[in-house]
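The file target12.txt contains compact mmCIF, C-alpha atoms:
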# COMPACT_ATOMS: atom_id res chain seq x y z
CA MET A 1 121.48 94.52 79.05
CA ARG A 2 124.33 92.15 78.60
CA PRO A 3 127.50 93.53 80.13
CA GLY A 4 129.36 93.31 76.87
CA PRO A 5 132.83 94.31 75.82
CA PHE A 6 131.48 97.28 73.88
CA GLU A 7 131.90 100.77 75.10
CA SER A 8 128.93 102.87 74.05
CA ASN A 9 131.04 105.39 72.18
CA GLY A 10 132.09 102.84 69.65
CA HIS A 11 135.44 101.65 70.90
CA LEU A 12 135.90 97.95 71.09
CA LEU A 13 137.28 96.93 74.43
CA VAL A 14 139.14 93.67 74.24
CA SER A 15 137.75 91.57 77.06
CA VAL A 16 140.99 90.55 78.65
CA PRO A 17 140.79 89.23 82.23
CA ALA A 18 141.16 91.99 84.81
CA PRO A 19 144.79 92.42 85.85
CA ARG A 20 145.52 91.23 89.39
CA PRO A 21 148.88 92.58 90.51
CA SER A 22 150.22 91.52 93.91
CA ILE A 23 149.60 93.66 96.99
CA PHE A 24 153.32 94.30 97.17
CA ALA A 25 153.43 95.44 93.52
CA ILE A 26 150.64 97.95 94.25
CA PHE A 27 152.42 99.17 97.39
CA SER A 28 155.77 99.58 95.66
CA VAL A 29 154.34 101.45 92.66
CA PHE A 30 152.52 103.95 94.88
CA PHE A 31 155.47 104.20 97.27
CA ARG A 32 157.68 105.25 94.36
CA ILE A 33 155.05 107.67 93.07
CA GLY A 34 154.72 109.28 96.50
CA LEU A 35 158.44 109.60 97.08
CA PHE A 36 159.44 110.85 93.63
CA SER A 37 156.50 113.16 93.04
CA PHE A 38 158.38 116.44 93.28
CA GLY A 39 156.64 119.43 91.79
CA GLY A 40 153.13 118.10 92.09
CA GLY A 41 152.90 116.00 88.92
CA LEU A 42 151.29 113.20 90.90
CA THR A 43 148.36 112.54 88.58
CA GLY A 44 150.67 112.38 85.59
CA TRP A 45 152.93 109.94 87.38
CA VAL A 46 150.06 107.66 88.43
CA TYR A 47 148.73 107.69 84.87
CA ARG A 48 152.12 106.75 83.48
CA GLU A 49 152.73 103.90 85.91
CA VAL A 50 149.21 102.46 86.00
CA VAL A 51 147.85 103.05 82.48
CA VAL A 52 150.86 103.43 80.16
CA VAL A 53 153.55 101.21 81.63
CA ARG A 54 151.58 98.49 83.50
CA GLU A 55 148.17 98.64 81.77
CA TRP A 56 146.37 97.90 85.03
CA LEU A 57 143.56 100.29 84.05
CA SER A 58 142.07 101.45 80.76
CA GLU A 59 142.13 105.12 79.89
CA ASP A 60 138.41 105.60 80.59
CA GLU A 61 138.66 103.74 83.90
CA PHE A 62 141.48 106.07 84.92
CA MET A 63 139.81 109.29 83.75
CA SER A 64 136.43 108.56 85.32
CA GLY A 65 138.18 107.57 88.55
CA LEU A 66 140.06 110.86 88.38
CA ALA A 67 136.83 112.83 88.01
CA MET A 68 135.28 110.86 90.88
CA SER A 69 138.25 111.48 93.17
CA GLN A 70 137.93 115.20 92.49
CA ILE A 71 134.24 115.28 93.38
CA LEU A 72 134.70 113.42 96.68
CA PRO A 73 136.24 115.18 99.67
CA GLY A 74 139.91 114.51 100.32
CA THR A 75 143.15 114.95 98.41
CA ASN A 76 142.59 114.01 94.77
CA ILE A 77 145.66 111.85 94.62
CA SER A 78 144.85 109.86 97.76
CA ASN A 79 141.32 109.27 96.48
CA LEU A 80 142.65 108.22 93.09
CA SER A 81 145.04 105.76 94.77
CA ILE A 82 142.21 104.26 96.82
CA TYR A 83 140.06 103.94 93.69
CA ILE A 84 142.83 102.19 91.74
CA GLY A 85 143.87 99.94 94.64
CA GLN A 86 140.23 98.96 95.29
CA LYS A 87 139.67 98.16 91.62
CA LEU A 88 142.77 95.97 91.44
CA ARG A 89 142.70 94.08 94.75
CA GLY A 90 139.81 95.24 96.94
CA VAL A 91 140.37 96.45 100.50
CA LEU A 92 143.98 95.25 100.71
CA GLY A 93 144.78 96.87 97.38
CA ALA A 94 143.29 100.17 98.51
CA GLY A 95 145.22 99.99 101.79
CA ALA A 96 148.48 99.14 100.02
CA ALA A 97 148.00 102.03 97.58
CA ILE A 98 147.26 104.70 100.19
CA VAL A 99 149.91 103.55 102.69
CA GLY A 100 152.44 103.28 99.86
CA LEU A 101 151.55 106.75 98.61
CA LEU A 102 151.81 108.51 101.96
CA SER A 103 154.55 106.70 103.90
CA GLY A 104 157.44 108.07 101.82
CA PRO A 105 156.26 111.71 101.86
CA PHE A 106 155.48 111.43 105.61
CA PHE A 107 159.17 111.04 106.39
CA ALA A 108 160.40 113.16 103.48
CA VAL A 109 158.38 116.21 104.44
CA ILE A 110 159.70 116.07 108.02
CA ALA A 111 163.24 115.57 106.73
CA VAL A 112 162.91 118.64 104.50
CA ALA A 113 161.50 120.65 107.40
CA SER A 114 164.48 119.65 109.52
CA ALA A 115 166.91 120.66 106.76
CA TYR A 116 164.95 123.77 105.82
CA GLY A 117 167.42 126.25 107.33
CA ALA A 118 170.29 124.81 105.33
CA LEU A 119 168.29 124.50 102.09
CA LYS A 120 167.19 128.12 102.23
CA THR A 121 170.77 129.34 101.86
CA LEU A 122 171.38 127.40 98.64
CA THR A 123 170.99 129.94 95.84
CA PHE A 124 169.50 127.74 93.18
CA THR A 125 167.18 125.52 95.21
CA GLU A 126 164.18 127.55 94.11
CA ALA A 127 165.17 127.58 90.45
CA ALA A 128 165.74 123.83 90.51
CA MET A 129 162.32 123.26 92.11
CA ASP A 130 160.62 125.43 89.48
CA GLY A 131 162.35 123.46 86.73
CA VAL A 132 161.32 120.14 88.23
CA ALA A 133 157.75 121.40 88.58
CA ALA A 134 157.70 122.47 84.92
CA ALA A 135 159.00 119.06 83.81
CA ALA A 136 156.32 117.41 85.95
CA ILE A 137 153.68 119.43 84.12
CA GLY A 138 154.91 117.76 80.94
CA MET A 139 153.55 114.48 82.31
CA LEU A 140 150.13 116.10 82.60
CA LEU A 141 150.37 117.41 79.03
CA VAL A 142 150.81 113.80 77.88
CA ILE A 143 147.52 112.86 79.58
CA ILE A 144 145.77 115.83 78.00
CA HIS A 145 147.13 115.03 74.56
CA ARG A 146 146.03 111.38 74.68
CA GLY A 147 142.69 112.08 76.31
CA ALA A 148 141.71 115.04 74.17
CA ARG A 149 142.50 113.15 70.98
CA ARG A 150 140.04 110.44 72.02
CA THR A 151 137.23 112.85 72.80
CA THR A 152 137.37 114.63 69.42
CA ARG A 153 135.58 111.59 67.98
CA ASN A 154 132.57 112.43 70.11
CA PRO A 155 131.03 115.94 70.10
CA ALA A 156 129.31 115.61 73.50
CA ALA A 157 132.49 114.39 75.21
CA PHE A 158 134.53 117.12 73.54
CA ALA A 159 132.01 119.75 74.65
CA ALA A 160 132.21 118.44 78.24
CA LEU A 161 136.01 118.66 78.14
CA VAL A 162 136.01 122.23 76.83
CA ALA A 163 133.25 123.36 79.24
CA THR A 164 135.10 121.91 82.24
CA PHE A 165 138.37 123.52 81.21
CA VAL A 166 136.85 126.95 80.54
CA CYS A 167 134.72 127.06 83.71
CA VAL A 168 137.42 125.81 86.10
CA GLY A 169 140.65 126.85 84.39
CA LEU A 170 139.73 130.24 82.91
CA LEU A 171 136.66 131.45 84.79
CA HIS A 172 137.74 129.96 88.16
CA TRP A 173 134.28 128.72 89.01
CA SER A 174 133.89 126.27 91.89
CA LEU A 175 135.49 122.97 90.89
CA PRO A 176 133.01 120.67 92.69
CA LEU A 177 130.02 122.54 91.27
CA VAL A 178 131.37 122.55 87.71
CA THR A 179 132.34 118.89 87.93
CA ALA A 180 128.88 117.96 89.22
CA GLY A 181 127.06 120.16 86.67
CA VAL A 182 129.04 119.40 83.51
CA GLY A 183 129.50 115.82 84.71
CA SER A 184 125.75 115.18 84.96
CA LEU A 185 125.08 116.58 81.48
CA SER A 186 127.96 114.59 80.04
CA VAL A 187 126.80 111.38 81.73
CA LEU A 188 123.27 112.00 80.44
CA ALA A 189 124.64 112.39 76.91
CA ALA A 190 126.63 109.18 77.30
CA TRP A 191 123.53 107.37 78.53
CA PHE A 192 121.53 108.23 75.41
CA ARG A 193 124.39 107.50 73.06
CA ARG A 194 123.91 104.17 71.32
CA PRO A 195 126.69 101.88 70.20
CA SER A 196 125.30 102.04 66.65
CA ASN A 197 125.38 105.82 66.25
CA ALA A 198 128.55 106.62 68.09
CA GLY A 199 129.35 110.32 68.07
CA MET B 200 146.78 121.77 127.90
CA ARG B 201 149.52 119.77 126.19
CA ASP B 202 147.80 116.50 127.02
CA ASP B 203 144.84 117.68 125.00
CA LEU B 204 146.90 118.34 121.89
CA PRO B 205 146.33 114.97 120.18
CA LEU B 206 142.59 115.36 120.67
CA ALA B 207 142.69 118.95 119.46
CA LEU B 208 144.57 117.86 116.34
CA LEU B 209 141.90 115.26 115.67
CA ALA B 210 139.12 117.78 116.25
CA VAL B 211 140.68 120.19 113.75
CA PHE B 212 141.77 117.86 110.95
CA VAL B 213 139.00 115.23 110.86
CA PRO B 214 136.35 117.77 109.77
CA PHE B 215 138.77 119.23 107.20
CA SER B 216 139.21 115.74 105.78
CA LEU B 217 135.52 115.58 104.95
CA VAL B 218 135.08 119.09 103.57
CA SER B 219 138.21 119.29 101.43
CA ILE B 220 136.29 118.99 98.18
CA GLY B 221 138.40 119.76 95.15
CA GLY B 222 141.70 118.86 96.78
CA GLY B 223 143.89 120.08 99.58
CA THR B 224 144.12 123.69 98.45
CA SER B 225 140.44 124.25 99.23
CA ILE B 226 141.05 123.86 102.98
CA LEU B 227 144.24 125.92 103.14
CA ALA B 228 142.57 129.07 104.43
CA GLY B 229 140.58 127.10 106.98
CA VAL B 230 143.64 125.24 108.27
CA GLN B 231 145.53 128.49 108.66
CA HIS B 232 142.64 130.02 110.58
CA GLN B 233 142.48 127.08 113.00
CA ALA B 234 146.23 126.56 113.48
CA VAL B 235 147.21 130.23 113.69
CA GLY B 236 144.14 132.16 114.77
CA VAL B 237 142.08 129.80 116.93
CA HIS B 238 144.63 127.46 118.54
CA HIS B 239 147.82 129.57 118.28
CA TRP B 240 149.82 126.45 117.46
CA ILE B 241 152.04 128.36 115.01
CA THR B 242 152.58 131.94 113.86
CA THR B 243 151.55 133.20 110.42
CA ARG B 244 155.20 133.25 109.40
CA GLU B 245 155.70 129.64 110.48
CA PHE B 246 152.57 128.68 108.58
CA VAL B 247 153.93 130.22 105.37
CA GLU B 248 157.26 128.42 105.85
CA LEU B 249 155.60 125.07 106.53
CA PHE B 250 153.44 125.61 103.44
CA ALA B 251 156.51 126.24 101.28
CA ILE B 252 158.17 123.12 102.69
CA SER B 253 155.10 120.98 101.98
CA ARG B 254 155.28 122.13 98.34
CA ALA B 255 159.02 121.54 98.02
CA ALA B 256 158.91 118.06 99.54
CA PRO B 257 157.49 115.10 97.60
CA GLY B 258 153.91 114.01 98.11
CA PRO B 259 150.54 115.73 98.14
CA GLY B 260 150.39 119.33 99.35
CA SER B 261 148.14 118.19 102.19
CA MET B 262 151.24 116.88 103.96
CA LEU B 263 151.15 120.39 105.41
CA ALA B 264 148.95 118.83 108.11
CA THR B 265 151.76 116.38 108.91
CA LEU B 266 154.15 119.29 109.32
CA ILE B 267 151.83 121.23 111.60
CA GLY B 268 151.36 118.13 113.76
CA TRP B 269 155.11 117.53 113.83
CA HIS B 270 155.85 121.15 114.63
CA ILE B 271 153.64 121.22 117.72
CA PHE B 272 153.78 117.65 119.00
CA GLY B 273 156.69 115.79 117.38
CA TRP B 274 156.28 112.41 115.70
CA THR B 275 153.05 111.62 117.53
CA GLY B 276 151.56 114.88 116.34
CA ALA B 277 152.71 114.23 112.78
CA LEU B 278 151.10 110.78 112.78
CA ILE B 279 147.84 111.95 114.34
CA ALA B 280 147.45 114.91 111.99
CA THR B 281 148.21 112.76 108.94
CA LEU B 282 145.74 110.05 109.93
CA ALA B 283 143.10 112.61 110.90
CA LEU B 284 143.33 114.29 107.49
CA PHE B 285 143.54 111.18 105.29
CA VAL B 286 141.59 108.39 107.00
CA PRO B 287 138.02 109.81 106.95
CA SER B 288 138.09 110.89 103.30
CA SER B 289 139.81 107.62 102.34
CA LEU B 290 137.10 105.53 103.99
CA LEU B 291 134.42 107.48 102.17
CA CYS B 292 136.26 107.14 98.87
CA TYR B 293 136.72 103.41 99.47
CA GLY B 294 132.98 102.99 99.94
CA VAL B 295 132.20 104.84 96.73
CA ALA B 296 134.91 102.96 94.79
CA LEU B 297 133.55 99.64 96.09
CA VAL B 298 130.03 100.36 94.81
CA TRP B 299 131.46 101.84 91.62
CA ASN B 300 133.69 98.92 90.71
CA ARG B 301 131.11 96.31 91.71
CA HIS B 302 128.67 97.56 89.09
CA ARG B 303 131.17 97.56 86.26
CA GLY B 304 129.53 96.62 82.97
CA LYS B 305 126.03 97.88 83.76
CA ARG B 306 124.64 100.50 81.42
CA TRP B 307 124.52 103.32 83.99
CA HIS B 308 128.09 102.54 84.96
CA THR B 309 129.29 102.72 81.38
CA ALA B 310 127.42 106.01 80.94
CA LEU B 311 128.97 107.42 84.13
CA GLU B 312 132.43 106.31 83.09
CA ASN B 313 132.19 107.61 79.52
CA GLY B 314 130.54 110.81 80.73
CA LEU B 315 133.02 111.57 83.50
CA ALA B 316 136.19 110.75 81.52
CA PRO B 317 136.19 113.99 79.45
CA VAL B 318 135.43 115.99 82.62
CA GLY B 319 138.53 114.43 84.18
CA ILE B 320 140.65 115.51 81.22
CA GLY B 321 139.20 119.03 81.39
CA LEU B 322 140.13 119.20 85.08
CA VAL B 323 143.71 118.17 84.31
CA MET B 324 143.89 120.95 81.69
CA ALA B 325 142.53 123.48 84.17
CA GLY B 326 145.08 122.32 86.74
CA VAL B 327 147.94 122.76 84.30
CA ILE B 328 146.87 126.32 83.44
CA THR B 329 146.55 127.19 87.13
CA VAL B 330 149.94 125.75 88.06
CA LEU B 331 151.71 127.42 85.14
CA ARG B 332 150.10 130.74 85.97
CA VAL B 333 150.90 130.62 89.70
CA GLY B 334 154.41 129.16 89.33
CA GLY B 335 157.24 131.63 88.90
CA GLY B 336 158.83 130.20 85.77
CA GLY B 337 156.99 132.15 83.05
CA LEU B 338 157.82 131.25 79.45
CA PHE B 339 160.54 128.81 80.44
CA SER B 340 158.03 126.74 82.40
CA TRP B 341 156.03 126.29 79.20
CA ILE B 342 159.11 125.40 77.19
CA VAL B 343 160.34 122.83 79.71
CA ALA B 344 156.81 121.41 80.16
CA LEU B 345 156.30 121.03 76.39
CA GLY B 346 159.79 119.59 75.97
CA SER B 347 159.21 117.04 78.70
CA ALA B 348 155.83 116.12 77.20
CA GLY B 349 157.50 115.68 73.82
CA VAL B 350 160.16 113.37 75.20
CA LEU B 351 157.60 111.35 77.18
CA THR B 352 155.43 110.91 74.08
CA TRP B 353 158.41 109.96 71.95
CA ARG B 354 159.80 107.51 74.58
CA PRO B 355 156.92 106.65 76.97
CA LYS B 356 159.03 104.33 79.13
CA ILE B 357 161.82 106.80 79.85
CA HIS B 358 162.18 107.41 83.58
CA PRO B 359 160.47 110.66 84.62
CA LEU B 360 163.19 111.39 87.20
CA LEU B 361 165.64 111.85 84.31
CA ILE B 362 163.29 114.42 82.76
CA PHE B 363 162.86 116.15 86.15
CA LEU B 364 166.63 116.33 86.50
CA ILE B 365 166.99 117.92 83.07
CA GLY B 366 164.15 120.37 83.82
CA GLY B 367 165.80 121.42 87.09
CA ALA B 368 169.19 121.75 85.39
CA VAL B 369 167.75 123.89 82.58
CA PHE B 370 166.19 126.29 85.09
CA VAL B 371 169.33 126.53 87.20
CA GLY B 372 171.37 127.09 84.05
CA VAL B 373 169.10 129.80 82.73
CA ARG B 374 168.96 131.59 86.05
CA ALA B 375 172.71 131.33 86.57
CA LEU B 376 173.36 132.84 83.14
CA SER B 377 170.83 135.62 83.35
CA GLY B 378 171.18 136.73 86.96
CA VAL B 379 168.86 135.51 89.66
CA HIS B 380 165.78 137.59 88.90
CA ALA B 381 166.03 138.48 85.22
CA VAL B 382 163.96 135.54 83.98
CA ILE B 383 161.35 134.97 86.62
Transcribe the structure of this file into structure tokens.
Amino acid sequence: MRPGPFESNGHLLVSVPAPRPSIFAIFSVFFRIGLFSFGGGLTGWVYREVVVVREWLSEDEFMSGLAMSQILPGTNISNLSIYIGQKLRGVLGAGAAIVGLLSGPFFAVIAVASAYGALKTLTFTEAAMDGVAAAAIGMLLVIIHRGARRTTRNPAAFAALVATFVCVGLLHWSLPLVTAGVGSLSVLAAWFRRPSNAG
Amino acid sequence: MRDDLPLALLAVFVPFSLVSIGGGTSILAGVQHQAVGVHHWITTREFVELFAISRAAPGPGSMLATLIGWHIFGWTGALIATLALFVPSSLLCYGVALVWNRHRGKRWHTALENGLAPVGIGLVMAGVITVLRVGGGGLFSWIVALGSAGVLTWRPKIHPLLIFLIGGAVFVGVRALSGVHAVI
């Protein structure tokens, strides 16, 4: 098997050289993500910075890394940062990503705890936080929109997406079990898919 | 007793680091049991407050560990708890990512990547549903989320903080107009 530029589901990947951002660039991107990630839209923010704006990773590289970071123990977002940092610049990249991600929130969370008494008395703090959280969800909807549109070209991938969503989101089955189960079937389907008969 | 605190923090959070499959929320109950019930580091009420703070502050929800460490042992405790929770899982993830990225281009790798990508999208969808259901915003959460998605699709390079600001302002506005509890 020649490691070619063809993805097996029929997309042509342009074989551009892998991007090699500086360690500082990785640190500063993840530092900003960590510090500004109010409302929990972390995945959406990482996707925007790394895939949309900087094009450090392809969509499939990001999504498969996301699935992997959910299967492994640990916070999804810290695992995703390690995965991205490692892919871009090896051990230093991974270190820059995780330290960048956590150093801002480390101080911020303690600052908020110190100011908690004062914040509690502000009437609209909670409303503002809910609004910010809702806006952050919009970033995730963008991922879903782009990703789901791609999978409709491929019945097996689309089935995997729907099955994962239904089992985890609606039936509340165990996330690691569903990911492992649906993931294995989906990978098997991808393995037997040939470039010639995509979909 | 107090001299043992750093070690006790390590003993509690290192194992949680390696069993927190599916993200930080999966260990929440276990952390509460250890911090409140077993070690009596904090009361249940303090735990709930620290939890709320960890959600309101930026960063992953698992920064709750940082807060517990800080609450009982100051900056040293915060640092130890954070490292204990993040270092073990990060090392494991680094090892997997190393193997994963080294075999890029092989057929099994391509199959894994193409097979796992739709699962990743499905998980994001499930997460969105869960957050929207748990969060207190109701219909307005959906409206603001869809609006923000629309703007971000229309202008992908717009700064998300601007959207967050608008989202927060909309919620404050709605709640100010309709009385504090009419909407939520």
Atom CA of Met63 of chain A to atom CA of Gly319 of chain B, distance in Å rounded to a single decimal:
5.3 Å
Point-to-point distance in Å for atom CA of Met324 of chain B and atom CA of Ala163 of chain A:
11.2 Å
Give the answer as one residue: which of A:Val29, A:Ala135, A:Val46, A:Ala18 has the shortest atom-to-atom distance to chain B, using all atoms listed in the file?
A:Ala135
Identify the residues within 6 Å of coordinate (155.2, 112.8, 79.2) (same frame as the file), considering all atoms listed in the file, and give the answer as a PyMOL selection string.
(chain A and resi 138-139+142) or (chain B and resi 347-348+351-352)
Please provide as a VMD selection string all residues within 8 Å of Gly366 of chain B, with the sequence filter that same-chain residues fewer than 5 positions apart are discarded (counting only C-alpha atoms).
(chain A and resid 128 131 to 132 134 to 135) or (chain B and resid 343 347)
Would you work out the distance separating atom CA of Val286 of chain B from atom CA of Ile98 of chain A, expressed in Å to one decimal?
9.6 Å
Quick one: residues within 8 Å of Ala113 of chain A, all atoms listed in the file counted, chain neighbours fewer than 3 positions away excluded, as JSON, numbers by chain?
{"A": [109, 110, 116], "B": [249, 252, 266]}
Each side padded by 3 Å, which centre and which edge lengths in Å (one decimal) define the axis-aligned box around the listed atoms of segment 25-28 of chain A? Give them as AutoDock Vina command-line options.
--center_x 153.2 --center_y 97.5 --center_z 95.5 --size_x 11.1 --size_y 10.1 --size_z 9.9
Please write as a ChimeraX atom specification the list of polymer residues whose atoms come within 9 Å of (163.8, 115.4, 82.9), counting only C-alpha atoms and keeping to the coordinates of the file.
/A:132,135-136 /B:343,347,350,358-368
